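Colleague: My questions will all concern the structure given below.
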Amino acid sequence: MQPLEKINFIIIHHSQRKIDSPNLIKKRHLARGWEDVGYHYLIGNKSKLTKDGKLYKGRSEKFQGAHAFKYNKKSLGICLIGNFDKTKPSKKQIQTLIKFLKEKMKKHKIPIKNILGHRELPEVVKSCPGKFMDMNLIRKAVSK
């Protein structure tokens with residue numbers, strides 16, 4: 001695995017599955033030939049496989065993720081478990097996300113404009129992290 005350079009961005013994703021887990025996501029990523037799960041962190045939802053709002057560690061922050069083409073060298077990837085094209089993330093997921101973003105922004109001196117949903121990256125045609133994930137509201141909440 002390649003070392004992660006200076007962290008300038010945090011990219012937010014959704015798993016696109018209502019019932020999912022860090023272990024299942026890791027298995028899918030390994031099946032693609034990746035060396036580890038693509039995300040550095042994951043946030044559980046209200047399903048039988050994860051605890052709602054729990055922050056799970058994925059790939060070590062020492063290494064580049066496999067979550068955002070052309071941004072992996074300089075970003076942390078965080079995935080909220082759920083399909084936010086169909087439902088809204090839970091309040092606990094959002095609370096955990098906001099706390100996480102504030103901590104990582106402070107630690108790595110990341111500006112608010114560099115907190116991005118996957119769909120906000122150039123050349124991305126996906127809806128990720130889903131149509132019910134309002135990135136402007138997330139950035140506004142983090143800036144408080």
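Chain labels follow the order of the structure tokens: the first chain is A, the next B, and so on; residue numbering restarts at 1 in every chain, and ligands are counted from 1 in their shown order.
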Could you pull out the residues in segment 19-96 of chain A that DSSP calls alpha helix (DSSP H) from the backbone, as a list in words?
Modeller: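 Taking segment 19-96 of chain A and keeping alpha helix (DSSP H) gives Pro22, Asn23, Leu24, Ile25, Lys26, Lys27, Arg28, His29, Leu30, Ala31, Lys91, Lys92, Gln93, Ile94, Gln95 and Thr96 of chain A.
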Colleague: With N, CA and C atoms retained, export the selected residues as an mmCIF file, in the first residue's frame.
Modeller:
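Wrote it out as result02.cif, contents follow:
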data_model
loop_
_atom_site.group_PDB
_atom_site.id
_atom_site.type_symbol
_atom_site.label_atom_id
_atom_site.label_comp_id
_atom_site.auth_asym_id
_atom_site.auth_seq_id
_atom_site.Cartn_x
_atom_site.Cartn_y
_atom_site.Cartn_z
ATOM 1 N N PRO A 22 -18.812 -3.055 8.145
ATOM 2 C CA PRO A 22 -17.413 -2.855 7.743
ATOM 3 C C PRO A 22 -16.783 -4.142 7.206
ATOM 4 N N ASN A 23 -17.087 -5.290 7.824
ATOM 5 C CA ASN A 23 -16.507 -6.553 7.359
ATOM 6 C C ASN A 23 -16.999 -6.935 5.966
ATOM 7 N N LEU A 24 -18.287 -6.753 5.699
ATOM 8 C CA LEU A 24 -18.807 -7.073 4.366
ATOM 9 C C LEU A 24 -18.228 -6.144 3.303
ATOM 10 N N ILE A 25 -18.093 -4.872 3.638
ATOM 11 C CA ILE A 25 -17.516 -3.911 2.699
ATOM 12 C C ILE A 25 -16.061 -4.290 2.418
ATOM 13 N N LYS A 26 -15.338 -4.652 3.463
ATOM 14 C CA LYS A 26 -13.943 -5.068 3.283
ATOM 15 C C LYS A 26 -13.861 -6.296 2.381
ATOM 16 N N LYS A 27 -14.741 -7.269 2.587
ATOM 17 C CA LYS A 27 -14.748 -8.473 1.735
ATOM 18 C C LYS A 27 -14.992 -8.114 0.277
ATOM 19 N N ARG A 28 -15.928 -7.195 0.016
ATOM 20 C CA ARG A 28 -16.198 -6.772 -1.368
ATOM 21 C C ARG A 28 -14.978 -6.085 -1.969
ATOM 22 N N HIS A 29 -14.318 -5.241 -1.184
ATOM 23 C CA HIS A 29 -13.143 -4.526 -1.686
ATOM 24 C C HIS A 29 -11.982 -5.484 -1.936
ATOM 25 N N LEU A 30 -11.775 -6.446 -1.052
ATOM 26 C CA LEU A 30 -10.716 -7.439 -1.265
ATOM 27 C C LEU A 30 -11.015 -8.283 -2.507
ATOM 28 N N ALA A 31 -12.294 -8.567 -2.751
ATOM 29 C CA ALA A 31 -12.678 -9.336 -3.940
ATOM 30 C C ALA A 31 -12.371 -8.579 -5.229
ATOM 31 N N LYS A 91 -29.916 10.357 12.759
ATOM 32 C CA LYS A 91 -29.384 11.486 13.539
ATOM 33 C C LYS A 91 -28.050 11.116 14.179
ATOM 34 N N LYS A 92 -27.945 9.890 14.668
ATOM 35 C CA LYS A 92 -26.700 9.459 15.306
ATOM 36 C C LYS A 92 -25.561 9.403 14.288
ATOM 37 N N GLN A 93 -25.844 8.967 13.069
ATOM 38 C CA GLN A 93 -24.806 8.959 12.035
ATOM 39 C C GLN A 93 -24.307 10.371 11.756
ATOM 40 N N ILE A 94 -25.236 11.304 11.631
ATOM 41 C CA ILE A 94 -24.860 12.695 11.348
ATOM 42 C C ILE A 94 -24.080 13.284 12.523
ATOM 43 N N GLN A 95 -24.517 13.012 13.748
ATOM 44 C CA GLN A 95 -23.798 13.517 14.923
ATOM 45 C C GLN A 95 -22.362 12.988 14.949
ATOM 46 N N THR A 96 -22.198 11.703 14.676
ATOM 47 C CA THR A 96 -20.856 11.109 14.657
ATOM 48 C C THR A 96 -20.035 11.712 13.525
#
Colleague: Residues at most 8 Å from Ile43 of chain A, counting only C-alpha atoms, excluding those fewer than 2 positions away in the same chain, as a list in words?
Modeller: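 Near neighbours after the sequence-gap exclusion: Tyr41, Asn45, Asp52, Gly53, Lys54, Leu55, Tyr56, Ile78, Cys79, Leu80, Ile81, Gln93, Thr96 and Leu97 of chain A.
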Colleague: Extract, using only C-alpha atoms, all DNA, RNA and protein residues at most 7 Å from Gly58 of chain A, discarding same-chain residues fewer than 6 positions from it, and format them as a list in words.
Modeller: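 Listing them by chain and then by number gives Val37, Tyr39, His40, Tyr41 and Leu42 of chain A.
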Colleague: Name all residues at most 12 Å from Glu123 of chain A (count only C-alpha atoms; drop same-chain ones fewer than 5 positions away) and give them as a list in words.
Modeller: Ala68, Phe69, Lys70, Tyr71 and His118 of chain A
Colleague: So which bits of chain A end up strand (DSSP E or B) when you DSSP the backbone, as a PyMOL selection string?
Modeller: chain A and resi 3+9-14+41-43+47+50+55-57+63+75-80+115-117
Colleague: Ranking A:Arg139, A:Lys99, A:Lys88, A:Lys73 by minimum distance to Leu116 of chain A and counting only C-alpha atoms, which one comes first?
Modeller: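 Ranking A:Arg139, A:Lys99, A:Lys88, A:Lys73 by distance to Leu116 of chain A, first place goes to A:Arg139.
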Colleague: I'd like the neighbourhood of Asn83 of chain A as a PDB file with N, CA, C and O atoms, in the first residue's frame, where a residue qualifies if any of its atoms comes within 7 Å (using only C-alpha atoms), though same-chain residues fewer than 5 positions away should be ignored.
Modeller:
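Done, and the output landed in result_34.pdb:
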ATOM      1  N   HIS A  14     -21.443   6.815   0.899  1.00  0.00           N
ATOM      2  CA  HIS A  14     -22.431   5.921   1.524  1.00  0.00           C
ATOM      3  C   HIS A  14     -22.221   4.530   0.936  1.00  0.00           C
ATOM      4  O   HIS A  14     -21.674   4.384  -0.153  1.00  0.00           O
ATOM      5  N   SER A  15     -22.628   3.502   1.678  1.00  0.00           N
ATOM      6  CA  SER A  15     -22.371   2.132   1.227  1.00  0.00           C
ATOM      7  C   SER A  15     -23.365   1.661   0.174  1.00  0.00           C
ATOM      8  O   SER A  15     -23.142   0.638  -0.459  1.00  0.00           O
ATOM      9  N   GLN A  16     -24.456   2.374  -0.003  1.00  0.00           N
ATOM     10  CA  GLN A  16     -25.527   2.068  -0.951  1.00  0.00           C
ATOM     11  C   GLN A  16     -26.319   0.823  -0.568  1.00  0.00           C
ATOM     12  O   GLN A  16     -27.098   0.323  -1.360  1.00  0.00           O
ATOM     13  N   ARG A  17     -26.136   0.336   0.629  1.00  0.00           N
ATOM     14  CA  ARG A  17     -26.882  -0.830   1.118  1.00  0.00           C
ATOM     15  C   ARG A  17     -27.416  -0.513   2.510  1.00  0.00           C
ATOM     16  O   ARG A  17     -26.666  -0.071   3.369  1.00  0.00           O
ATOM     17  N   LYS A  18     -28.692  -0.801   2.725  1.00  0.00           N
ATOM     18  CA  LYS A  18     -29.292  -0.563   4.037  1.00  0.00           C
ATOM     19  C   LYS A  18     -28.674  -1.468   5.091  1.00  0.00           C
ATOM     20  O   LYS A  18     -28.368  -1.040   6.198  1.00  0.00           O
ATOM     21  N   GLY A 130     -25.348  10.068  -1.783  1.00  0.00           N
ATOM     22  CA  GLY A 130     -26.796   9.933  -1.857  1.00  0.00           C
ATOM     23  C   GLY A 130     -27.530  11.257  -1.875  1.00  0.00           C
ATOM     24  O   GLY A 130     -27.056  12.257  -1.343  1.00  0.00           O
TER      25      GLY A 130
END
Colleague: What's the 10 Å shell around Lys62 of chain A, counting only C-alpha atoms, without same-chain residues fewer than 4 positions away, as a list in words?
Modeller: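 The residues satisfying every condition are Met1, Gln2, Pro3, Leu4, Glu5 and His40 of chain A.
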Colleague: Would you pick out the contacts of Lys46 of chain A at 9 Å or less, using only C-alpha atoms, so that residues sharing its chain but fewer than 2 positions from it are not included, and give the list as a list in words?
Modeller: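 Near neighbours after the sequence-gap exclusion: Lys18, Ile19, Gly44, Lys48, Leu49, Thr50, Lys51, Asp52, Gly53, Gly82 and Ser90 of chain A.
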Colleague: Those same residues - N, CA, C and O atoms - I'd like them written as a short mmCIF file (atom, residue, chain, number, x, y, z; two decimals), in the first residue's frame.
Modeller:
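File produced: part24.cif:
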data_model
loop_
_atom_site.label_atom_id
_atom_site.label_comp_id
_atom_site.auth_asym_id
_atom_site.auth_seq_id
_atom_site.Cartn_x
_atom_site.Cartn_y
_atom_site.Cartn_z
N LYS A 18 -28.69 -0.80 2.72
CA LYS A 18 -29.29 -0.56 4.04
C LYS A 18 -28.67 -1.47 5.09
O LYS A 18 -28.37 -1.04 6.20
N ILE A 19 -28.49 -2.73 4.74
CA ILE A 19 -27.88 -3.68 5.65
C ILE A 19 -26.49 -3.99 5.13
O ILE A 19 -26.32 -4.55 4.05
N GLY A 44 -21.65 3.26 11.42
CA GLY A 44 -22.74 2.30 11.41
C GLY A 44 -24.11 2.94 11.38
O GLY A 44 -24.28 4.12 11.68
N LYS A 48 -29.06 -4.71 11.79
CA LYS A 48 -28.65 -5.81 12.67
C LYS A 48 -27.15 -6.06 12.64
O LYS A 48 -26.63 -6.79 13.47
N LEU A 49 -26.42 -5.41 11.71
CA LEU A 49 -25.00 -5.68 11.56
C LEU A 49 -24.09 -4.61 12.15
O LEU A 49 -22.89 -4.85 12.32
N THR A 50 -24.61 -3.43 12.42
CA THR A 50 -23.79 -2.36 12.99
C THR A 50 -24.58 -1.61 14.06
O THR A 50 -25.80 -1.67 14.11
N LYS A 51 -23.84 -0.86 14.86
CA LYS A 51 -24.46 -0.02 15.88
C LYS A 51 -24.64 1.38 15.31
O LYS A 51 -23.70 1.96 14.74
N ASP A 52 -25.83 1.91 15.46
CA ASP A 52 -26.16 3.23 14.91
C ASP A 52 -25.24 4.31 15.46
O ASP A 52 -25.14 4.51 16.66
N GLY A 53 -24.53 4.98 14.54
CA GLY A 53 -23.66 6.08 14.92
C GLY A 53 -22.28 5.67 15.38
O GLY A 53 -21.45 6.53 15.67
N GLY A 82 -25.47 2.72 4.67
CA GLY A 82 -26.85 2.99 4.30
C GLY A 82 -26.94 3.42 2.85
O GLY A 82 -25.92 3.65 2.20
N SER A 90 -29.27 8.47 9.72
CA SER A 90 -29.84 8.65 11.05
C SER A 90 -29.22 9.87 11.75
O SER A 90 -28.13 10.32 11.38
#
Colleague: Nearest to Ile115 of chain A: which of A:Ser21, A:Ser60, A:Asn136, A:Thr87 is it, counting only C-alpha atoms?
Modeller: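 Nearest candidate to Ile115 of chain A out of A:Ser21, A:Ser60, A:Asn136, A:Thr87: A:Asn136.
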Colleague: Between A:Asp36, A:Lys74, A:Phe63, A:Lys57, which has the minimum distance to Lys6 of chain A (counting only C-alpha atoms)?
Modeller: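 Of A:Asp36, A:Lys74, A:Phe63, A:Lys57, the one nearest Lys6 of chain A, counting only C-alpha atoms, is A:Lys74.
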Colleague: Pick out the closest residue to Pro89 of chain A from this set: A:Gly33, A:Gly38, A:Pro111, A:Pro129. Count only C-alpha atoms.
Modeller: A:Pro129
Colleague: A:Leu101, A:Ile110, A:Ile10, A:Met135: which is nearest Gly65 of chain A, counting only C-alpha atoms?
Modeller: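 Using only C-alpha atoms, the shortest distance to Gly65 of chain A belongs to A:Ile10.
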Colleague: Atom CA of Met133 of chain A and atom CA of Met105 of chain A, how far apart in Å?
Modeller: 19.5 Å
